[in-house]
>>> print(open('final_5.csv').read())   # CSV, C-alpha atoms
chain,number,residue,atom,x,y,z
A,1,MET,CA,82.5,91.5,7.0
A,2,THR,CA,86.2,90.5,7.0
A,3,PRO,CA,87.7,89.1,10.2
A,4,SER,CA,89.9,92.2,10.6
A,5,ALA,CA,87.0,94.6,10.2
A,6,LEU,CA,84.9,92.6,12.7
A,7,ALA,CA,87.8,92.5,15.2
A,8,LYS,CA,88.2,96.3,15.0
A,9,ARG,CA,84.5,96.8,15.6
A,10,LEU,CA,84.6,94.4,18.6
A,11,PHE,CA,87.7,96.0,20.0
A,12,ALA,CA,86.2,99.5,19.8
A,13,THR,CA,82.9,98.5,21.5
A,14,HIS,CA,84.1,96.1,24.1
A,15,GLY,CA,83.4,98.5,27.0
A,16,GLU,CA,79.7,98.4,26.2
A,17,PHE,CA,79.5,94.7,27.0
A,18,ALA,CA,82.1,94.2,29.7
A,19,CYS,CA,80.6,92.7,32.9
A,20,ASP,CA,82.2,95.4,35.1
A,21,ARG,CA,80.9,93.9,38.3
A,22,LEU,CA,83.3,91.0,37.9
A,23,SER,CA,87.1,91.3,38.2
A,24,PRO,CA,90.0,88.9,39.0
A,25,ALA,CA,89.4,89.6,42.7
A,26,ASN,CA,85.8,88.3,42.7
A,27,CYS,CA,85.9,85.8,39.9
A,28,LYS,CA,84.7,82.9,42.1
A,29,HIS,CA,81.9,80.4,41.9
A,30,ALA,CA,79.5,82.3,44.2
A,31,GLU,CA,79.8,85.5,42.1
A,32,VAL,CA,80.0,84.0,38.6
A,33,ILE,CA,77.0,81.6,38.8
A,34,PRO,CA,74.4,84.4,39.5
A,35,GLU,CA,75.9,86.4,36.6
A,36,LEU,CA,75.5,83.4,34.3
A,37,LEU,CA,71.9,82.8,35.4
A,38,LYS,CA,71.0,86.5,34.8
A,39,LEU,CA,72.5,86.3,31.3
A,40,VAL,CA,70.6,83.1,30.5
A,41,ALA,CA,67.4,84.5,31.8
A,42,SER,CA,67.7,87.6,29.7
A,43,SER,CA,68.7,85.8,26.5
A,44,ASN,CA,65.1,84.7,25.4
A,45,GLY,CA,66.3,81.2,24.9
A,46,LEU,CA,69.5,82.1,23.1
A,47,LEU,CA,71.6,80.7,25.9
A,48,THR,CA,71.0,77.6,28.0
A,49,MET,CA,72.9,76.6,31.2
A,50,THR,CA,73.2,73.0,32.3
A,51,GLU,CA,75.0,71.5,35.3
A,52,ILE,CA,77.3,68.8,33.9
A,53,GLY,CA,79.1,67.8,37.1
A,54,ARG,CA,80.3,68.7,40.6
A,55,SER,CA,83.7,69.5,41.9
A,56,MET,CA,85.4,67.6,44.7
A,57,GLU,CA,84.0,70.0,47.2
A,58,GLY,CA,80.5,69.9,45.7
A,59,ARG,CA,80.4,73.1,43.6
A,60,SER,CA,78.5,72.9,40.4
A,61,ILE,CA,80.3,72.8,37.0
A,62,ASN,CA,78.2,74.2,34.3
A,63,MET,CA,78.0,74.4,30.6
A,64,ILE,CA,76.6,77.4,28.6
A,65,THR,CA,75.3,76.4,25.2
A,66,ALA,CA,74.4,78.7,22.3
A,67,GLY,CA,73.5,78.0,18.6
A,68,LYS,CA,72.2,75.0,16.8
A,69,GLY,CA,74.6,74.6,14.0
A,70,ARG,CA,76.4,71.4,12.9
A,71,GLU,CA,79.9,72.7,13.7
A,72,LYS,CA,80.5,72.1,17.4
A,73,VAL,CA,82.9,74.1,19.4
A,74,LEU,CA,84.0,73.4,23.0
A,75,LEU,CA,85.6,76.1,25.1
A,76,TRP,CA,86.8,75.7,28.7
A,77,SER,CA,88.4,78.2,31.2
A,78,GLN,CA,89.7,78.3,34.7
A,79,MET,CA,91.0,74.7,34.6
A,80,HIS,CA,93.5,76.4,36.8
A,81,GLY,CA,91.6,78.1,39.5
A,82,ASP,CA,93.7,81.2,39.7
A,83,GLU,CA,93.5,81.9,36.0
A,84,THR,CA,90.6,84.2,35.6
A,85,THR,CA,91.1,86.4,32.5
A,86,ALA,CA,89.3,84.1,29.9
A,87,THR,CA,86.4,83.4,32.3
A,88,LEU,CA,85.8,87.2,32.5
A,89,ALA,CA,86.1,87.5,28.8
A,90,LEU,CA,83.6,84.7,28.3
A,91,LEU,CA,81.1,86.6,30.5
A,92,ASP,CA,81.6,89.6,28.3
A,93,ILE,CA,81.0,87.5,25.2
A,94,PHE,CA,77.8,86.1,26.6
A,95,ASN,CA,76.6,89.6,27.4
A,96,PHE,CA,77.4,90.7,23.8
A,97,LEU,CA,75.5,87.7,22.3
A,98,VAL,CA,72.3,88.3,24.3
A,99,ARG,CA,72.1,92.0,23.7
A,100,LYS,CA,69.3,92.5,21.1
A,101,GLU,CA,70.9,95.5,19.4
A,102,VAL,CA,73.9,93.4,18.2
A,103,GLN,CA,71.8,90.7,16.6
A,104,ASN,CA,73.0,91.3,13.0
A,105,ALA,CA,73.7,89.0,10.1
A,106,TRP,CA,77.0,87.6,11.3
A,107,VAL,CA,75.7,86.8,14.8
A,108,ASP,CA,72.6,85.1,13.3
A,109,ALA,CA,74.9,83.1,11.0
A,110,LEU,CA,77.1,82.2,13.9
A,111,PHE,CA,74.1,80.6,15.7
A,112,GLN,CA,72.9,78.9,12.6
A,113,GLN,CA,76.2,77.4,11.6
A,114,THR,CA,77.8,76.5,15.0
A,115,SER,CA,76.9,75.0,18.3
A,116,ILE,CA,79.0,76.6,21.0
A,117,HIS,CA,79.5,74.9,24.3
A,118,VAL,CA,81.4,76.7,27.1
A,119,ILE,CA,82.5,75.5,30.5
A,120,PRO,CA,83.4,78.9,32.0
A,121,MET,CA,84.8,77.6,35.4
A,122,LEU,CA,86.1,74.1,35.3
A,123,ASN,CA,87.9,74.2,38.7
A,124,PRO,CA,85.6,76.1,41.1
A,125,ASP,CA,87.4,74.8,44.2
A,126,GLY,CA,90.7,76.2,43.0
A,127,ALA,CA,89.0,79.5,42.1
A,128,GLU,CA,87.6,79.7,45.6
A,129,LYS,CA,91.1,79.4,47.1
A,130,VAL,CA,92.8,81.4,44.3
A,131,ASP,CA,94.9,78.2,43.7
A,132,ARG,CA,96.1,76.7,40.4
A,133,ARG,CA,95.3,73.1,41.5
A,134,THR,CA,92.1,71.3,42.5
A,135,ALA,CA,91.0,70.7,46.1
A,136,ALA,CA,93.0,67.4,45.9
A,137,GLY,CA,96.2,69.3,45.1
A,138,ILE,CA,96.2,67.9,41.5
A,139,ASP,CA,97.1,69.9,38.4
A,140,MET,CA,94.0,69.1,36.3
A,141,ASN,CA,96.0,69.8,33.1
A,142,ARG,CA,98.1,66.8,33.9
A,143,ASP,CA,95.1,64.5,34.5
A,144,ALA,CA,93.8,63.9,31.0
A,145,LEU,CA,94.9,60.2,31.1
A,146,ASP,CA,94.3,59.1,34.7
A,147,LEU,CA,91.1,61.2,35.1
A,148,ALA,CA,91.7,61.0,38.9
A,149,THR,CA,89.8,64.2,39.6
A,150,PRO,CA,86.0,64.7,39.1
A,151,GLU,CA,86.7,67.9,37.3
A,152,ALA,CA,88.9,66.2,34.7
A,153,GLY,CA,86.2,63.6,34.2
A,154,VAL,CA,83.6,66.3,33.5
A,155,LEU,CA,85.8,67.7,30.7
A,156,ARG,CA,86.5,64.3,29.2
A,157,ASP,CA,82.9,63.3,29.3
A,158,ALA,CA,81.9,66.6,27.6
A,159,GLN,CA,84.4,65.9,24.8
A,160,ARG,CA,83.2,62.3,24.4
A,161,ARG,CA,79.5,63.3,24.3
A,162,LEU,CA,79.8,66.3,22.0
A,163,LYS,CA,82.7,65.2,19.7
A,164,PRO,CA,83.4,68.9,18.9
A,165,ALA,CA,85.3,69.8,15.8
A,166,PHE,CA,87.1,72.6,17.6
A,167,GLY,CA,88.3,73.3,21.1
A,168,PHE,CA,89.6,76.4,22.9
A,169,ASN,CA,91.8,75.7,26.0
A,170,LEU,CA,91.9,79.0,27.9
A,171,HIS,CA,94.6,79.8,30.4
A,172,ASP,CA,96.6,82.6,32.0
A,173,GLN,CA,100.4,82.3,31.9
A,174,GLU,CA,103.3,83.6,34.0
A,175,LEU,CA,104.9,86.9,33.1
A,176,SER,CA,106.7,86.2,29.8
A,177,SER,CA,108.4,88.1,26.9
A,178,VAL,CA,108.4,87.8,23.2
A,179,GLY,CA,111.4,86.0,21.6
A,180,ASP,CA,114.7,87.9,22.0
A,181,SER,CA,113.0,91.1,22.8
A,182,THR,CA,112.1,92.7,26.1
A,183,LYS,CA,108.4,93.1,25.1
A,184,VAL,CA,105.8,91.6,27.4
A,185,THR,CA,103.7,88.8,25.9
A,186,ALA,CA,100.1,89.8,25.9
A,187,VAL,CA,98.9,86.5,24.4
A,188,ALA,CA,100.7,83.3,23.6
A,189,LEU,CA,99.1,80.8,21.2
A,190,LEU,CA,99.6,77.1,20.5
A,191,ALA,CA,98.1,74.4,18.4
A,192,PRO,CA,99.3,71.6,20.8
A,193,ALA,CA,101.3,68.6,19.5
A,194,LEU,CA,99.5,65.2,19.6
A,195,ASP,CA,102.7,63.1,19.6
A,196,HIS,CA,106.4,63.4,20.3
A,197,ARG,CA,107.2,63.8,16.6
A,198,LYS,CA,105.0,66.9,16.5
A,199,SER,CA,103.4,65.6,13.4
A,200,ASN,CA,100.8,67.7,11.5
A,201,PRO,CA,97.8,65.6,10.6
A,202,PRO,CA,94.6,67.5,9.4
A,203,VAL,CA,93.3,67.8,13.0
A,204,ARG,CA,96.3,69.8,14.1
A,205,VAL,CA,96.6,71.8,10.9
A,206,ARG,CA,93.0,73.0,11.4
A,207,ALA,CA,94.0,74.2,14.9
A,208,MET,CA,97.0,75.9,13.4
A,209,ARG,CA,94.8,77.8,10.9
A,210,VAL,CA,92.6,79.0,13.8
A,211,ALA,CA,95.7,80.0,15.7
A,212,ALA,CA,96.9,81.9,12.6
A,213,THR,CA,93.6,83.7,12.5
A,214,LEU,CA,94.0,84.7,16.1
A,215,ALA,CA,97.5,85.9,15.5
A,216,ARG,CA,96.5,88.0,12.5
A,217,THR,CA,93.5,89.4,14.2
A,218,LEU,CA,95.1,90.3,17.5
A,219,GLY,CA,98.2,91.6,15.8
A,220,GLN,CA,96.2,94.7,14.9
A,221,PHE,CA,96.0,95.7,18.6
A,222,ALA,CA,99.1,94.1,20.2
A,223,GLU,CA,101.7,94.0,17.4
A,224,GLY,CA,105.0,92.6,18.7
A,225,HIS,CA,103.3,91.3,21.9
A,226,LEU,CA,102.2,87.9,20.6
A,227,ALA,CA,104.2,84.7,21.0
A,228,LYS,CA,104.0,81.0,20.4
A,229,TYR,CA,103.7,78.8,23.5
A,230,ASP,CA,106.1,75.9,23.9
A,231,ASP,CA,104.9,73.0,21.7
A,232,ALA,CA,106.7,70.2,23.5
A,233,PHE,CA,104.3,67.2,23.6
A,234,GLU,CA,102.9,66.5,27.1
A,235,PRO,CA,101.0,63.2,27.0
A,236,ARG,CA,99.0,64.0,30.2
A,237,ALA,CA,97.7,67.4,29.1
A,238,PHE,CA,94.2,68.1,27.9
A,239,GLY,CA,95.1,70.2,24.9
A,240,ASP,CA,97.5,67.6,23.5
A,241,ASN,CA,94.9,64.8,24.1
A,242,MET,CA,92.1,66.8,22.6
A,243,GLN,CA,94.0,66.9,19.4
A,244,ARG,CA,94.5,63.1,19.6
A,245,TRP,CA,90.8,62.6,20.3
A,246,GLY,CA,89.9,64.5,17.1
A,247,THR,CA,89.1,68.0,18.4
A,248,SER,CA,91.2,70.7,16.7
A,249,THR,CA,92.3,72.6,19.8
A,250,VAL,CA,93.9,76.0,20.3
A,251,LEU,CA,95.6,77.0,23.5
A,252,ILE,CA,95.2,80.7,24.4
A,253,GLU,CA,97.5,81.8,27.2
A,254,SER,CA,96.5,85.2,28.6
A,255,GLY,CA,99.7,87.2,29.4
A,256,HIS,CA,100.2,90.7,30.8
A,257,TRP,CA,100.3,94.3,29.8
A,258,PRO,CA,102.1,97.3,31.3
A,259,ASP,CA,100.3,99.2,34.1
A,260,ASP,CA,97.4,96.8,33.9
A,261,PRO,CA,97.4,94.6,37.0
A,262,ARG,CA,93.7,93.6,36.5
A,263,LYS,CA,94.6,92.5,32.9
A,264,ASN,CA,91.7,94.4,31.3
A,265,PHE,CA,93.5,94.9,28.0
A,266,VAL,CA,94.3,91.2,27.8
A,267,ARG,CA,90.7,90.4,28.7
A,268,ARG,CA,89.6,92.6,25.8
A,269,LEU,CA,92.0,90.7,23.5
A,270,ASN,CA,90.4,87.4,24.5
A,271,TYR,CA,86.9,88.9,23.8
A,272,VAL,CA,87.9,90.1,20.4
A,273,GLY,CA,89.9,87.0,19.5
A,274,ILE,CA,87.5,84.4,20.5
A,275,LEU,CA,84.5,86.0,18.9
A,276,THR,CA,86.4,86.6,15.7
A,277,ALA,CA,87.7,83.0,15.7
A,278,LEU,CA,84.2,81.7,16.2
A,279,HIS,CA,83.0,83.8,13.2
A,280,THR,CA,85.7,82.4,11.0
A,281,ILE,CA,84.9,78.8,12.1
A,282,ALA,CA,81.2,79.4,11.3
A,283,ASN,CA,81.9,80.7,7.8
A,284,GLY,CA,85.0,78.6,7.1
A,285,SER,CA,87.2,81.6,6.4
A,286,TYR,CA,89.8,80.4,9.0
A,287,GLN,CA,91.0,78.0,6.2
A,288,ASP,CA,92.1,81.0,4.1
A,289,VAL,CA,94.6,82.4,6.6
A,290,ASP,CA,98.3,81.8,5.8
A,291,LEU,CA,99.9,79.5,8.4
A,292,ASP,CA,102.9,81.8,8.5
A,293,TYR,CA,100.9,84.1,10.8
A,294,TYR,CA,101.2,81.3,13.4
A,295,GLU,CA,104.4,79.5,12.5
A,296,HIS,CA,106.4,82.7,12.5
A,297,LEU,CA,105.4,83.8,15.9
A,298,PRO,CA,108.4,84.3,18.2
A,299,PRO,CA,108.7,81.9,21.1
A,300,ASN,CA,107.5,82.7,24.6
A,301,THR,CA,110.5,83.6,26.7
A,302,LYS,CA,111.4,84.9,30.2
A,303,ARG,CA,113.3,88.1,29.6
A,304,ILE,CA,111.0,90.3,31.7
A,305,TYR,CA,110.2,91.2,35.3
A,306,ASP,CA,107.2,92.8,36.9
A,307,VAL,CA,109.5,95.6,38.2
A,308,ILE,CA,113.1,96.6,37.6
A,309,ILE,CA,114.8,99.2,39.8
A,310,ARG,CA,117.7,100.4,37.7
A,311,ASP,CA,121.0,102.0,38.9
A,312,VAL,CA,121.1,101.2,42.6
A,313,LYS,CA,124.5,101.3,44.3
A,314,PHE,CA,125.1,98.2,46.3
A,315,LEU,CA,127.6,98.4,49.2
A,316,HIS,CA,129.0,95.1,50.6
A,317,SER,CA,130.5,94.8,54.1
A,318,SER,CA,133.9,94.1,52.5
A,319,GLY,CA,133.8,97.7,51.1
A,320,TRP,CA,132.9,96.6,47.5
A,321,THR,CA,130.4,98.9,45.8
A,322,HIS,CA,128.9,98.9,42.3
A,323,PRO,CA,125.8,100.0,40.5
A,324,VAL,CA,123.2,97.2,40.0
A,325,ASP,CA,119.7,96.6,38.7
A,326,ILE,CA,117.2,94.7,40.8
A,327,GLY,CA,114.6,92.5,39.1
A,328,LEU,CA,111.3,91.9,41.0
A,329,LEU,CA,108.5,89.5,40.5
A,330,TYR,CA,105.0,89.4,42.1
A,331,GLU,CA,104.8,85.7,42.9
A,332,PRO,CA,101.2,84.5,43.1
A,333,ALA,CA,101.8,82.6,46.3
A,334,ASN,CA,102.7,85.8,48.1
A,335,ASN,CA,99.9,87.9,46.6
A,336,LYS,CA,96.7,85.8,47.2
A,337,SER,CA,95.4,88.1,49.9
A,338,ALA,CA,98.1,90.7,50.5
A,339,ALA,CA,96.9,94.2,51.1
A,340,ALA,CA,100.0,95.6,49.4
A,341,ARG,CA,101.7,93.9,46.5
A,342,VAL,CA,104.6,91.7,47.7
A,343,ALA,CA,107.7,91.6,45.4
A,344,THR,CA,110.3,88.9,45.4
A,345,ILE,CA,113.9,89.8,44.5
A,346,LYS,CA,114.7,87.4,41.6
A,347,ASP,CA,117.9,88.9,40.2
A,348,ILE,CA,120.6,91.5,41.0
A,349,GLY,CA,123.2,92.8,38.6
A,350,ASP,CA,123.2,93.9,35.0
A,351,LEU,CA,119.6,93.6,33.7
A,352,SER,CA,120.1,95.8,30.7
A,353,THR,CA,118.9,93.1,28.4
A,354,TYR,CA,115.6,92.5,30.4
A,355,GLY,CA,112.4,94.4,30.3
A,356,SER,CA,109.7,95.1,32.9
A,357,LEU,CA,106.1,96.1,33.2
A,358,ARG,CA,107.3,99.0,35.4
A,359,TRP,CA,110.6,100.4,36.2
A,360,TYR,CA,112.1,102.9,38.6
A,361,ASP,CA,115.3,105.0,38.4
A,362,GLY,CA,117.4,104.2,41.5
A,363,GLY,CA,119.3,107.4,41.1
A,364,ALA,CA,122.6,105.7,42.2
A,365,ARG,CA,121.3,105.6,45.7
A,366,THR,CA,123.5,103.5,48.0
A,367,VAL,CA,122.1,100.6,50.0
A,368,LYS,CA,123.8,97.9,51.9
A,369,SER,CA,123.6,94.7,49.9
A,370,ASP,CA,122.4,92.6,52.9
A,371,MET,CA,119.3,94.7,53.1
A,372,LEU,CA,118.0,93.5,49.8
A,373,PRO,CA,119.1,89.9,49.5
A,374,MET,CA,118.2,87.5,46.7
A,375,ASN,CA,114.8,85.8,47.0
A,376,ALA,CA,113.7,88.2,49.8
A,377,SER,CA,110.0,88.9,49.6
A,378,LEU,CA,108.8,92.4,50.7
A,379,PRO,CA,106.0,94.8,49.9
A,380,LEU,CA,107.1,96.9,47.0
A,381,GLN,CA,106.4,100.0,49.0
A,382,ASP,CA,108.9,98.9,51.6
A,383,ILE,CA,111.6,98.4,49.0
A,384,LEU,CA,110.9,101.8,47.5
A,385,ASP,CA,111.0,103.4,50.9
A,386,LEU,CA,114.3,101.8,51.7
A,387,LEU,CA,115.7,103.3,48.5
A,388,GLN,CA,113.9,106.6,49.2
A,389,LEU,CA,112.2,106.4,45.9
A,390,PRO,CA,108.7,107.9,45.2
A,391,ARG,CA,105.8,105.6,45.2
A,392,GLY,CA,103.3,105.3,42.3
>>> encode(input="final_5.csv", output="structure tokens")
Amino acid sequence: MTPSALAKRLFATHGEFACDRLSPANCKHAEVIPELLKLVASSNGLLTMTEIGRSMEGRSINMITAGKGREKVLLWSQMHGDETTATLALLDIFNFLVRKEVQNAWVDALFQQTSIHVIPMLNPDGAEKVDRRTAAGIDMNRDALDLATPEAGVLRDAQRRLKPAFGFNLHDQELSSVGDSTKVTAVALLAPALDHRKSNPPVRVRAMRVAATLARTLGQFAEGHLAKYDDAFEPRAFGDNMQRWGTSTVLIESGHWPDDPRKNFVRRLNYVGILTALHTIANGSYQDVDLDYYEHLPPNTKRIYDVIIRDVKFLHSSGWTHPVDIGLLYEPANNKSAAARVATIKDIGDLSTYGSLRWYDGGARTVKSDMLPMNASLPLQDILDLLQLPRG
């Protein structure tokens, strides 16, 4: 089966294997571990689960292993505790792999040719607090050299012990756009640089081939919504160092999709992309994909807002008045536990060259400019009520 055909089948049937009980809201250690244990117990030995370390606050960090092949692959997610999309997709992948009715030739070959090692929640303390950083306040993805945090040490030890040929560094990214367009980035890909010169030794070229496979595969479902993440070398980051340590590593940054706050569509793309990439690693077909699929991806940019309210008439106390657009972002710090989504006003003026996940027509309604100042954070519903705009 070709990668494209496999991806189409996986995309069409994802709903059958999605772990619906888990969502971004409850993707925490106490919820995820029981789900993993159930999957392992139902796998008839197909999956094993091993505790490989403890977080600073004492939560277990676990590795799920599948397959007995020579080609070792290491995947890790939720290095940043508030980035849940890939963790949820990995649970869906485990569910797919253990279901007997899907054990066909390509799955059997996957287990024979690869050894898959997954750390599905590397930062459980951050996940508990819905926080990017570890309990010590350190960004683990800037701790690959110092290894100050126990969590970073766990990942480095796993790489040293396994010496995997391939790695997948799984993240969520801020709201972003594709190149010069106003299209939202659904997924950004990167084969990280391993030096300031951005040289391309074989270890990085292999990662580029896998990234090209992902770009070609996911382009079937999200054409125009794929981008390349910034490839500036960061000497403290794990992805960059994994390349230096000999593991061909691909960064997958989960983006956003219109009217999909739970990111179910992007979760589905992760599920399809990771399974298809593993299939091509197992049979070597990733080597046949043209690098142009990766190299010609537009850059990740910032020409988009969560919400734009267009054509609002601002009135200043001086008597000045003019139509403006208002660009709003849902900043994570303001939305960890808010009952209603809190929007921050990030720009006011002509936003005709910017896109948004949602937009409202202000209908030239007049509002005093000091009632909606820059950087004010308010529930979106309050902003809509102030402008007498319908909710929804």
>>> closest_residue(input="final_5.csv", among="A:Asp290, A:Glu57, A:Asp20, A:Asp347", to="Val205 of chain A", atoms="all atoms listed in the file")
A:Asp290
>>> residues_around(input="final_5.csv", residues="Val307 of chain A", least_positions_apart="3", cutoff="8 Å", atoms="all atoms listed in the file", output="PDB file with C-alpha atoms, keeping the file's coordinate frame")
ATOM      1  CA  GLY A 327     114.600  92.500  39.100  1.00  0.00           C
ATOM      2  CA  LEU A 328     111.300  91.900  41.000  1.00  0.00           C
ATOM      3  CA  LEU A 329     108.500  89.500  40.500  1.00  0.00           C
ATOM      4  CA  SER A 356     109.700  95.100  32.900  1.00  0.00           C
ATOM      5  CA  LEU A 357     106.100  96.100  33.200  1.00  0.00           C
ATOM      6  CA  ARG A 358     107.300  99.000  35.400  1.00  0.00           C
ATOM      7  CA  TRP A 359     110.600 100.400  36.200  1.00  0.00           C
ATOM      8  CA  TYR A 360     112.100 102.900  38.600  1.00  0.00           C
TER       9      TYR A 360
END
>>> residues_around(input="final_5.csv", residues="Glu35 of chain A", least_positions_apart="6", cutoff="12 Å", atoms="all atoms listed in the file", output="number ranges by chain")
A: 19-22, 26-29, 41-42, 49, 87-88, 90-92, 94-95, 120
>>> residues_near_point(input="final_5.csv", point="(91.2, 83.5, 38.1)", cutoff="9 Å", atoms="all atoms listed in the file", output="PyMOL selection string")
chain A and resi 23-28+78+80-88+126-127+130-132+172
>>> write_last_selection(input="final_5.csv", atoms="C-alpha atoms", output="PDB file, in the frame of the given file")
ATOM      1  CA  SER A  23      87.100  91.300  38.200  1.00  0.00           C
ATOM      2  CA  PRO A  24      90.000  88.900  39.000  1.00  0.00           C
ATOM      3  CA  ALA A  25      89.400  89.600  42.700  1.00  0.00           C
ATOM      4  CA  ASN A  26      85.800  88.300  42.700  1.00  0.00           C
ATOM      5  CA  CYS A  27      85.900  85.800  39.900  1.00  0.00           C
ATOM      6  CA  LYS A  28      84.700  82.900  42.100  1.00  0.00           C
ATOM      7  CA  GLN A  78      89.700  78.300  34.700  1.00  0.00           C
ATOM      8  CA  HIS A  80      93.500  76.400  36.800  1.00  0.00           C
ATOM      9  CA  GLY A  81      91.600  78.100  39.500  1.00  0.00           C
ATOM     10  CA  ASP A  82      93.700  81.200  39.700  1.00  0.00           C
ATOM     11  CA  GLU A  83      93.500  81.900  36.000  1.00  0.00           C
ATOM     12  CA  THR A  84      90.600  84.200  35.600  1.00  0.00           C
ATOM     13  CA  THR A  85      91.100  86.400  32.500  1.00  0.00           C
ATOM     14  CA  ALA A  86      89.300  84.100  29.900  1.00  0.00           C
ATOM     15  CA  THR A  87      86.400  83.400  32.300  1.00  0.00           C
ATOM     16  CA  LEU A  88      85.800  87.200  32.500  1.00  0.00           C
ATOM     17  CA  GLY A 126      90.700  76.200  43.000  1.00  0.00           C
ATOM     18  CA  ALA A 127      89.000  79.500  42.100  1.00  0.00           C
ATOM     19  CA  VAL A 130      92.800  81.400  44.300  1.00  0.00           C
ATOM     20  CA  ASP A 131      94.900  78.200  43.700  1.00  0.00           C
ATOM     21  CA  ARG A 132      96.100  76.700  40.400  1.00  0.00           C
ATOM     22  CA  ASP A 172      96.600  82.600  32.000  1.00  0.00           C
TER      23      ASP A 172
END
>>> closest_residue(input="final_5.csv", among="A:Ala364, A:Met374, A:Pro202, A:Gly219", to="Lys346 of chain A", atoms="all atoms listed in the file")
A:Met374
>>> atom_distance(input="final_5.csv", atom1="atom CA of Met63 of chain A", atom2="atom CA of Arg99 of chain A")
19.8 Å
>>> closest_residue(input="final_5.csv", among="A:Tyr229, A:Phe11, A:Tyr330, A:Tyr354", to="Asn300 of chain A", atoms="only C-alpha atoms")
A:Tyr229
>>> atom_distance(input="final_5.csv", atom1="atom CA of Val272 of chain A", atom2="atom CA of Pro258 of chain A")
19.3 Å
